[in-house]
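*Asks:* Below are the structure tokens for one structure; questions will follow.
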Amino acid sequence: MKEKPSFFQFDNQAFMNMNSIIGRFFIVLSLSMSSWLGFAQEVVMMNVHQGHSVAAFESGAVDSVTFTADAQDYDKRMGELMMQHPYPITTDSLRILILGNSFSYDSTCYLQAIVDSTDIDQGRLGIYNFFIPASNFQTWIDKYESEETISVYNTVGQLKMRGEGTLHQVLSQHWDVVMIVQGSDLSYEWSSFKDTTPELLDIITSCCKNPEVRIAYQMPWGHTPAITPKELVGNVSCAKRLAAEYGISNVVSVGIAIQNARNSSLLNDTYLLRDKWHITHGVGRYVAACTVFESLLQPVFHVSVYGNNALVKLSDEELAVEGTVRVTAENIRLCQQCALYATMYKYNVVGLE
């Protein structure tokens with residue numbers, strides 16, 4: 001077993017050794033976006049460079065401030081986030097229920113492989129993803145009221161929970177975290193949240209046996225070809241309002257992690273999408289899974305995804321899908337960095353070189 005520091009562990013001190021792997025990180029914060037992203041000023045852009053800082057983007061010169069980002073910075077930043085949004089870091093086990101759709105499946109289907117490459121006691125971990133295609137908050141409210149039977153779609157870990165029943169029956173267990181996922185076509189319009197969020201949260205908290213249950217929200221990624229300021233900034237704005245107005249304990253910024261990847265050498269001709277909606281097999285799904293791991297598992301098990309060496313094996317069918325990008329020994333750390341920075345800075349896009 002590896003020795004675990006009191007708050008955060010970089011696997012095999014991988015992040016502490018980043019000087020020998022990718023050099024010192026330097027971050028440039030700017031209120032200006034690079035021109036191809038077309039962000040409004042509400043979203044902060046950060047560029048990360050090896051050994052030097054750049055105070056200009058394609059859109060023109062900008063003011064910037066530079067600082068190093070190493071393990072201590074990460075530890076401090078994560079501590080600040082935990083203070084702002086308490087998370088069950090003292091629990092002896094972690095039980096996560098996901099009320100999701102295809103986006104939550106994309107974000108968790110590689111998660112078991114990542115967990116398998118850690119020393120996490122999987123008897124203490126149970127993630128249950130209940131997946132309804134194209135579902136949104138209202139879908140789950142309707143499922144609760146109809147008392148229809150629902151079934152778990154995919155799981156991670158070995159901790160056993162009830163995987164079938166009415167939504168009331170499924171919720172009526174000791175969950176530590178319930179992660180909710182809005183429909184991606186609604187996630188950038190606050191009007192789609194304001195009428196359904198209170199009712200859905202009331203259902204969850206009234207049914208769950210754990211009075212300290214925490215609510216997480218998975219922020220989706222932008223689509224193509226309509227990767228527009230309205231969509232991207234709307235996703236961020238709605239996630240911020242959910243956290244501020246409804247006490248969401250953890251925003252899982254998968255959308256920001258994917259945007260980080262698009263702003264790096266990982267970008268491909270399909271914008272890391274396989275069908276203009278869903279992220280690619282390989283790199284897309286892997287970056288998403290790393291973000292879920294770092295956001296939800298790391299605070300409890302004190303193991304970072306950075307340094308994890310699980311290489312996802314793709315089938316011939318997956319390799320044949322347009323946009324597929326393999327996870328390799330050459331790009332795996334960059335994928336993990338996209339997730340790390342999305343966890344540190346949940347609403348800021350990072351450019352990694």
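Just so we're on the same page: first chain in the structure tokens is A, next is B, and so on; residues restart at 1 for each chain, and ligands are numbered from 1 in the order they show up.
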Please identify all polymer residues within 12 Å of Thr155 in chain A, counting only C-alpha atoms, omitting same-chain residues fewer than 2 positions from it, and present them as a PDB file with C-alpha atoms, in the first residue's frame.
*Replies:*
```pdb
ATOM      1  CA  ARG A  95     -21.715   5.564  -2.668  1.00  0.00           C
ATOM      2  CA  ILE A  96     -22.580   7.639  -5.725  1.00  0.00           C
ATOM      3  CA  LEU A  97     -25.912   7.598  -7.541  1.00  0.00           C
ATOM      4  CA  ILE A  98     -26.022   9.226 -10.977  1.00  0.00           C
ATOM      5  CA  SER A 104     -23.000  10.515 -17.887  1.00  0.00           C
ATOM      6  CA  TYR A 105     -22.317   7.167 -19.542  1.00  0.00           C
ATOM      7  CA  THR A 108     -18.064   6.943 -16.601  1.00  0.00           C
ATOM      8  CA  CYS A 109     -17.595   4.069 -19.030  1.00  0.00           C
ATOM      9  CA  TYR A 110     -13.780   4.172 -18.634  1.00  0.00           C
ATOM     10  CA  LEU A 111     -13.895   4.903 -14.920  1.00  0.00           C
ATOM     11  CA  GLN A 112     -13.625   1.264 -13.817  1.00  0.00           C
ATOM     12  CA  ALA A 113     -10.367   0.847 -15.740  1.00  0.00           C
ATOM     13  CA  VAL A 115     -10.001   2.661 -10.575  1.00  0.00           C
ATOM     14  CA  GLN A 122     -13.266  -1.217  -4.259  1.00  0.00           C
ATOM     15  CA  LEU A 125     -16.760   2.221  -3.642  1.00  0.00           C
ATOM     16  CA  GLY A 126     -20.076   1.946  -5.449  1.00  0.00           C
ATOM     17  CA  ILE A 127     -21.036   4.172  -8.380  1.00  0.00           C
ATOM     18  CA  TYR A 128     -24.415   3.468  -9.960  1.00  0.00           C
ATOM     19  CA  ASN A 129     -25.262   5.248 -13.191  1.00  0.00           C
ATOM     20  CA  PHE A 130     -28.977   5.199 -14.011  1.00  0.00           C
ATOM     21  CA  PHE A 131     -29.065   6.183 -17.666  1.00  0.00           C
ATOM     22  CA  SER A 151     -32.463  -0.145 -13.800  1.00  0.00           C
ATOM     23  CA  VAL A 152     -28.806   0.727 -13.387  1.00  0.00           C
ATOM     24  CA  TYR A 153     -26.910   0.947 -16.679  1.00  0.00           C
ATOM     25  CA  GLY A 157     -16.563  -0.488  -7.737  1.00  0.00           C
ATOM     26  CA  GLN A 158     -17.797  -3.461  -5.719  1.00  0.00           C
ATOM     27  CA  LEU A 159     -19.936  -1.882  -3.007  1.00  0.00           C
ATOM     28  CA  LYS A 160     -23.420  -3.290  -3.556  1.00  0.00           C
ATOM     29  CA  MET A 161     -26.487  -1.081  -3.716  1.00  0.00           C
ATOM     30  CA  ARG A 162     -29.969  -1.638  -5.062  1.00  0.00           C
ATOM     31  CA  GLY A 163     -29.792  -1.377  -8.849  1.00  0.00           C
TER      32      GLY A 163
END
```
*Asks:* Would you list the contacts of Val236 in chain A as a PyMOL selection string, taking every protein, DNA or RNA residue within 8 Å and counting only C-alpha atoms, but skipping same-chain residues closer than 3 positions in sequence?
*Replies:* chain A and resi 43+188+219+232-233+239-240+347
*Asks:* Produce a file of the selected residues containing N, CA, C and O atoms, as an mmCIF file, in the first residue's frame.
*Replies:*
```
data_model
loop_
_atom_site.group_PDB
_atom_site.id
_atom_site.type_symbol
_atom_site.label_atom_id
_atom_site.label_comp_id
_atom_site.auth_asym_id
_atom_site.auth_seq_id
_atom_site.Cartn_x
_atom_site.Cartn_y
_atom_site.Cartn_z
ATOM 1 N N VAL A 43 -16.186 33.978 -18.966
ATOM 2 C CA VAL A 43 -15.342 32.806 -18.780
ATOM 3 C C VAL A 43 -13.888 33.236 -18.866
ATOM 4 O O VAL A 43 -13.492 33.940 -19.779
ATOM 5 N N TYR A 188 -27.567 25.211 -21.080
ATOM 6 C CA TYR A 188 -27.063 26.582 -21.160
ATOM 7 C C TYR A 188 -28.174 27.618 -21.054
ATOM 8 O O TYR A 188 -27.938 28.806 -21.266
ATOM 9 N N MET A 219 -21.322 19.173 -15.495
ATOM 10 C CA MET A 219 -21.423 20.172 -16.550
ATOM 11 C C MET A 219 -21.104 19.519 -17.903
ATOM 12 O O MET A 219 -20.063 18.890 -18.050
ATOM 13 N N LEU A 232 -21.457 27.732 -24.606
ATOM 14 C CA LEU A 232 -20.363 27.482 -23.669
ATOM 15 C C LEU A 232 -20.476 28.342 -22.417
ATOM 16 O O LEU A 232 -20.338 27.858 -21.300
ATOM 17 N N VAL A 233 -20.702 29.620 -22.623
ATOM 18 C CA VAL A 233 -20.841 30.507 -21.473
ATOM 19 C C VAL A 233 -22.103 30.174 -20.698
ATOM 20 O O VAL A 233 -22.135 30.249 -19.462
ATOM 21 N N ALA A 239 -24.109 26.379 -14.314
ATOM 22 C CA ALA A 239 -23.447 25.589 -13.280
ATOM 23 C C ALA A 239 -23.111 26.442 -12.068
ATOM 24 O O ALA A 239 -23.275 26.014 -10.908
ATOM 25 N N LYS A 240 -22.647 27.656 -12.315
ATOM 26 C CA LYS A 240 -22.342 28.573 -11.209
ATOM 27 C C LYS A 240 -23.594 28.881 -10.395
ATOM 28 O O LYS A 240 -23.562 28.898 -9.158
ATOM 29 N N TYR A 347 -14.528 26.673 -13.875
ATOM 30 C CA TYR A 347 -15.212 27.515 -14.846
ATOM 31 C C TYR A 347 -14.257 28.207 -15.801
ATOM 32 O O TYR A 347 -14.636 29.128 -16.515
#
```
*Asks:* So, counting only C-alpha atoms, which residue among A:Ala134, A:Val327, A:Ala339, A:Cys238 is closest to Ile258 in chain A?
*Replies:* A:Ala339
*Asks:* Write out as a PyMOL selection string each polymer residue whose atoms come within 8 Å of Glu189 in chain A, counting only C-alpha atoms; drop sequence neighbours fewer than 3 positions from it.
*Replies:* chain A and resi 186+192-193+234-235+238
*Asks:* I need the alpha helix (DSSP H) residues of range 191-257 of chain A per DSSP on the backbone, written as an MDAnalysis selection string.
*Replies:* chainID A and resid 191:194 197:207 229:246 254:257
*Asks:* For the residues in that selection, give me N, CA and C atoms as a compact mmCIF listing (two decimals), in the first residue's frame.
*Replies:*
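Contents of result.txt, as written:
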```
# COMPACT_ATOMS: atom_id res chain seq x y z
N SER A 191 -33.59 29.03 -17.73
CA SER A 191 -35.03 28.77 -17.64
C SER A 191 -35.32 27.28 -17.52
N SER A 192 -34.43 26.43 -18.05
CA SER A 192 -34.64 24.98 -17.95
C SER A 192 -34.32 24.44 -16.57
N PHE A 193 -33.65 25.24 -15.75
CA PHE A 193 -33.27 24.81 -14.40
C PHE A 193 -34.22 25.34 -13.33
N LYS A 194 -34.67 26.57 -13.49
CA LYS A 194 -35.30 27.26 -12.36
C LYS A 194 -36.60 26.62 -11.91
N THR A 197 -35.25 22.33 -10.84
CA THR A 197 -34.21 22.03 -9.84
C THR A 197 -34.77 21.90 -8.43
N PRO A 198 -35.57 22.84 -7.94
CA PRO A 198 -36.08 22.71 -6.56
C PRO A 198 -36.85 21.41 -6.35
N GLU A 199 -37.68 21.04 -7.31
CA GLU A 199 -38.49 19.83 -7.16
C GLU A 199 -37.61 18.58 -7.18
N LEU A 200 -36.64 18.53 -8.10
CA LEU A 200 -35.77 17.35 -8.16
C LEU A 200 -34.93 17.22 -6.91
N LEU A 201 -34.39 18.31 -6.41
CA LEU A 201 -33.58 18.26 -5.19
C LEU A 201 -34.43 17.87 -3.99
N ASP A 202 -35.66 18.32 -3.96
CA ASP A 202 -36.55 17.94 -2.86
C ASP A 202 -36.83 16.44 -2.88
N ILE A 203 -37.04 15.87 -4.06
CA ILE A 203 -37.24 14.42 -4.19
C ILE A 203 -36.03 13.67 -3.66
N ILE A 204 -34.83 14.10 -4.07
CA ILE A 204 -33.60 13.41 -3.67
C ILE A 204 -33.41 13.47 -2.17
N THR A 205 -33.49 14.66 -1.60
CA THR A 205 -33.19 14.82 -0.18
C THR A 205 -34.27 14.22 0.72
N SER A 206 -35.50 14.19 0.25
CA SER A 206 -36.58 13.62 1.07
C SER A 206 -36.55 12.10 1.07
N CYS A 207 -36.03 11.51 0.00
CA CYS A 207 -36.01 10.05 -0.10
C CYS A 207 -34.73 9.43 0.46
N PRO A 229 -20.51 31.00 -28.21
CA PRO A 229 -20.41 31.67 -26.90
C PRO A 229 -21.65 31.45 -26.04
N LYS A 230 -22.83 31.48 -26.69
CA LYS A 230 -24.07 31.31 -25.92
C LYS A 230 -24.09 29.96 -25.23
N GLU A 231 -23.70 28.91 -25.95
CA GLU A 231 -23.75 27.56 -25.38
C GLU A 231 -22.70 27.37 -24.30
N LEU A 232 -21.46 27.73 -24.61
CA LEU A 232 -20.36 27.48 -23.67
C LEU A 232 -20.48 28.34 -22.42
N VAL A 233 -20.70 29.62 -22.62
CA VAL A 233 -20.84 30.51 -21.47
C VAL A 233 -22.10 30.17 -20.70
N GLY A 234 -23.15 29.77 -21.40
CA GLY A 234 -24.38 29.37 -20.71
C GLY A 234 -24.18 28.16 -19.83
N ASN A 235 -23.43 27.18 -20.29
CA ASN A 235 -23.13 26.00 -19.46
C ASN A 235 -22.44 26.41 -18.16
N VAL A 236 -21.46 27.30 -18.28
CA VAL A 236 -20.73 27.76 -17.10
C VAL A 236 -21.62 28.58 -16.19
N SER A 237 -22.37 29.50 -16.78
CA SER A 237 -23.23 30.38 -15.98
C SER A 237 -24.28 29.58 -15.20
N CYS A 238 -24.90 28.60 -15.85
CA CYS A 238 -25.91 27.79 -15.17
C CYS A 238 -25.30 26.94 -14.06
N ALA A 239 -24.11 26.38 -14.31
CA ALA A 239 -23.45 25.59 -13.28
C ALA A 239 -23.11 26.44 -12.07
N LYS A 240 -22.65 27.66 -12.32
CA LYS A 240 -22.34 28.57 -11.21
C LYS A 240 -23.59 28.88 -10.39
N ARG A 241 -24.70 29.14 -11.08
CA ARG A 241 -25.93 29.49 -10.38
C ARG A 241 -26.47 28.30 -9.58
N LEU A 242 -26.34 27.11 -10.14
CA LEU A 242 -26.76 25.91 -9.40
C LEU A 242 -25.99 25.80 -8.09
N ALA A 243 -24.67 25.99 -8.17
CA ALA A 243 -23.84 25.89 -6.96
C ALA A 243 -24.20 26.98 -5.96
N ALA A 244 -24.41 28.19 -6.45
CA ALA A 244 -24.66 29.32 -5.56
C ALA A 244 -26.06 29.32 -4.96
N GLU A 245 -27.05 28.99 -5.78
CA GLU A 245 -28.44 29.14 -5.33
C GLU A 245 -29.02 27.87 -4.71
N TYR A 246 -28.45 26.71 -5.04
CA TYR A 246 -29.02 25.47 -4.54
C TYR A 246 -28.03 24.62 -3.74
N VAL A 254 -16.84 18.45 -16.52
CA VAL A 254 -16.43 17.65 -17.68
C VAL A 254 -16.38 18.53 -18.93
N GLY A 255 -17.34 19.43 -19.06
CA GLY A 255 -17.36 20.30 -20.23
C GLY A 255 -16.12 21.16 -20.34
N ILE A 256 -15.62 21.66 -19.20
CA ILE A 256 -14.40 22.47 -19.21
C ILE A 256 -13.20 21.59 -19.55
N ALA A 257 -13.16 20.37 -19.02
CA ALA A 257 -12.04 19.47 -19.33
C ALA A 257 -11.98 19.16 -20.82
```
*Asks:* CA of Asn309 in chain A to CA of Leu94 in chain A: how many Å, to one decimal?
*Replies:*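 About the pair CA of Asn309 in chain A and CA of Leu94 in chain A: they are 22.8 Å apart.
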*Asks:* Measuring between only C-alpha atoms, which one of A:Tyr217, A:Ile120, A:Arg285, A:Lys276 shows the shortest distance to Gln298 in chain A?
*Replies:*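 Using only C-alpha atoms, Gln298 in chain A sits closest to A:Ile120.
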*Asks:* Return the single residue from A:Val178, A:Leu171, A:Val303, A:Cys335 that is closest to Arg214 in chain A, with distances computed using only C-alpha atoms.
*Replies:*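 Of the candidates, the smallest distance to Arg214 in chain A is held by A:Val178.
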*Asks:* Quick one: everything within 12 Å of Glu148 in chain A, counting only C-alpha atoms, minus sequence neighbours fewer than 6 positions away in the same chain. Send it as a PyMOL selection string.
*Replies:* chain A and resi 139-142+164-170
*Asks:* Please write the residues from the selection above to a file, keeping all heavy atoms, as a PDB file, in the first residue's frame.
*Replies:*
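The resulting file, result.pdb, is reproduced below:
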```pdb
ATOM      1  N   THR A 139     -37.315  14.754 -16.734  1.00  0.00           N
ATOM      2  CA  THR A 139     -37.470  13.316 -16.957  1.00  0.00           C
ATOM      3  C   THR A 139     -37.471  12.556 -15.643  1.00  0.00           C
ATOM      4  O   THR A 139     -38.302  11.654 -15.425  1.00  0.00           O
ATOM      5  CB  THR A 139     -36.329  12.778 -17.844  1.00  0.00           C
ATOM      6  OG1 THR A 139     -36.264  13.533 -19.054  1.00  0.00           O
ATOM      7  CG2 THR A 139     -36.536  11.303 -18.162  1.00  0.00           C
ATOM      8  N   TRP A 140     -36.548  12.908 -14.746  1.00  0.00           N
ATOM      9  CA  TRP A 140     -36.440  12.184 -13.471  1.00  0.00           C
ATOM     10  C   TRP A 140     -37.589  12.526 -12.528  1.00  0.00           C
ATOM     11  O   TRP A 140     -38.036  11.672 -11.754  1.00  0.00           O
ATOM     12  CB  TRP A 140     -35.085  12.478 -12.837  1.00  0.00           C
ATOM     13  CG  TRP A 140     -33.977  11.868 -13.646  1.00  0.00           C
ATOM     14  CD1 TRP A 140     -33.115  12.505 -14.492  1.00  0.00           C
ATOM     15  CD2 TRP A 140     -33.669  10.474 -13.732  1.00  0.00           C
ATOM     16  NE1 TRP A 140     -32.269  11.596 -15.090  1.00  0.00           N
ATOM     17  CE2 TRP A 140     -32.596  10.343 -14.645  1.00  0.00           C
ATOM     18  CE3 TRP A 140     -34.184   9.330 -13.140  1.00  0.00           C
ATOM     19  CZ2 TRP A 140     -32.038   9.108 -14.967  1.00  0.00           C
ATOM     20  CZ3 TRP A 140     -33.626   8.092 -13.457  1.00  0.00           C
ATOM     21  CH2 TRP A 140     -32.561   7.993 -14.362  1.00  0.00           C
ATOM     22  N   ILE A 141     -38.079  13.743 -12.613  1.00  0.00           N
ATOM     23  CA  ILE A 141     -39.283  14.086 -11.836  1.00  0.00           C
ATOM     24  C   ILE A 141     -40.463  13.246 -12.315  1.00  0.00           C
ATOM     25  O   ILE A 141     -41.233  12.698 -11.508  1.00  0.00           O
ATOM     26  CB  ILE A 141     -39.587  15.589 -11.973  1.00  0.00           C
ATOM     27  CG1 ILE A 141     -38.476  16.417 -11.310  1.00  0.00           C
ATOM     28  CG2 ILE A 141     -40.948  15.923 -11.351  1.00  0.00           C
ATOM     29  CD1 ILE A 141     -38.579  17.907 -11.596  1.00  0.00           C
ATOM     30  N   ASP A 142     -40.603  13.116 -13.621  1.00  0.00           N
ATOM     31  CA  ASP A 142     -41.685  12.312 -14.189  1.00  0.00           C
ATOM     32  C   ASP A 142     -41.543  10.844 -13.811  1.00  0.00           C
ATOM     33  O   ASP A 142     -42.553  10.158 -13.519  1.00  0.00           O
ATOM     34  CB  ASP A 142     -41.710  12.454 -15.712  1.00  0.00           C
ATOM     35  CG  ASP A 142     -42.066  13.862 -16.175  1.00  0.00           C
ATOM     36  OD1 ASP A 142     -42.613  14.635 -15.358  1.00  0.00           O
ATOM     37  OD2 ASP A 142     -41.770  14.186 -17.345  1.00  0.00           O
ATOM     38  N   GLU A 164     -32.185  -1.675  -9.065  1.00  0.00           N
ATOM     39  CA  GLU A 164     -33.441  -1.708  -9.818  1.00  0.00           C
ATOM     40  C   GLU A 164     -34.590  -1.405  -8.881  1.00  0.00           C
ATOM     41  O   GLU A 164     -34.575  -1.764  -7.696  1.00  0.00           O
ATOM     42  CB  GLU A 164     -33.636  -3.069 -10.477  1.00  0.00           C
ATOM     43  CG  GLU A 164     -34.858  -3.145 -11.389  1.00  0.00           C
ATOM     44  CD  GLU A 164     -34.956  -4.488 -12.100  1.00  0.00           C
ATOM     45  OE1 GLU A 164     -35.455  -5.450 -11.478  1.00  0.00           O
ATOM     46  OE2 GLU A 164     -34.500  -4.572 -13.252  1.00  0.00           O
ATOM     47  N   GLY A 165     -35.600  -0.755  -9.391  1.00  0.00           N
ATOM     48  CA  GLY A 165     -36.773  -0.419  -8.597  1.00  0.00           C
ATOM     49  C   GLY A 165     -37.347   0.905  -9.062  1.00  0.00           C
ATOM     50  O   GLY A 165     -36.916   1.472 -10.072  1.00  0.00           O
ATOM     51  N   THR A 166     -38.334   1.401  -8.346  1.00  0.00           N
ATOM     52  CA  THR A 166     -38.818   2.747  -8.646  1.00  0.00           C
ATOM     53  C   THR A 166     -37.745   3.745  -8.225  1.00  0.00           C
ATOM     54  O   THR A 166     -36.832   3.412  -7.449  1.00  0.00           O
ATOM     55  CB  THR A 166     -40.111   3.046  -7.887  1.00  0.00           C
ATOM     56  OG1 THR A 166     -39.833   3.066  -6.473  1.00  0.00           O
ATOM     57  CG2 THR A 166     -41.176   1.993  -8.178  1.00  0.00           C
ATOM     58  N   LEU A 167     -37.838   4.949  -8.720  1.00  0.00           N
ATOM     59  CA  LEU A 167     -36.855   5.956  -8.326  1.00  0.00           C
ATOM     60  C   LEU A 167     -36.898   6.193  -6.825  1.00  0.00           C
ATOM     61  O   LEU A 167     -35.850   6.398  -6.187  1.00  0.00           O
ATOM     62  CB  LEU A 167     -37.097   7.262  -9.088  1.00  0.00           C
ATOM     63  CG  LEU A 167     -36.098   8.394  -8.819  1.00  0.00           C
ATOM     64  CD1 LEU A 167     -34.663   7.936  -9.060  1.00  0.00           C
ATOM     65  CD2 LEU A 167     -36.424   9.620  -9.677  1.00  0.00           C
ATOM     66  N   HIS A 168     -38.081   6.132  -6.232  1.00  0.00           N
ATOM     67  CA  HIS A 168     -38.192   6.276  -4.780  1.00  0.00           C
ATOM     68  C   HIS A 168     -37.413   5.171  -4.076  1.00  0.00           C
ATOM     69  O   HIS A 168     -36.685   5.423  -3.106  1.00  0.00           O
ATOM     70  CB  HIS A 168     -39.664   6.257  -4.370  1.00  0.00           C
ATOM     71  CG  HIS A 168     -39.872   6.463  -2.896  1.00  0.00           C
ATOM     72  ND1 HIS A 168     -39.741   5.442  -1.965  1.00  0.00           N
ATOM     73  CD2 HIS A 168     -40.196   7.575  -2.185  1.00  0.00           C
ATOM     74  CE1 HIS A 168     -39.974   5.910  -0.767  1.00  0.00           C
ATOM     75  NE2 HIS A 168     -40.257   7.205  -0.869  1.00  0.00           N
ATOM     76  N   GLN A 169     -37.537   3.949  -4.547  1.00  0.00           N
ATOM     77  CA  GLN A 169     -36.831   2.826  -3.923  1.00  0.00           C
ATOM     78  C   GLN A 169     -35.318   2.944  -4.097  1.00  0.00           C
ATOM     79  O   GLN A 169     -34.556   2.658  -3.172  1.00  0.00           O
ATOM     80  CB  GLN A 169     -37.328   1.513  -4.518  1.00  0.00           C
ATOM     81  CG  GLN A 169     -38.758   1.161  -4.134  1.00  0.00           C
ATOM     82  CD  GLN A 169     -39.306  -0.021  -4.916  1.00  0.00           C
ATOM     83  OE1 GLN A 169     -38.908  -0.265  -6.066  1.00  0.00           O
ATOM     84  NE2 GLN A 169     -40.242  -0.762  -4.322  1.00  0.00           N
ATOM     85  N   VAL A 170     -34.893   3.350  -5.272  1.00  0.00           N
ATOM     86  CA  VAL A 170     -33.463   3.498  -5.522  1.00  0.00           C
ATOM     87  C   VAL A 170     -32.879   4.620  -4.659  1.00  0.00           C
ATOM     88  O   VAL A 170     -31.796   4.476  -4.072  1.00  0.00           O
ATOM     89  CB  VAL A 170     -33.205   3.776  -7.014  1.00  0.00           C
ATOM     90  CG1 VAL A 170     -31.744   4.171  -7.253  1.00  0.00           C
ATOM     91  CG2 VAL A 170     -33.550   2.548  -7.852  1.00  0.00           C
TER      92      VAL A 170
END
```
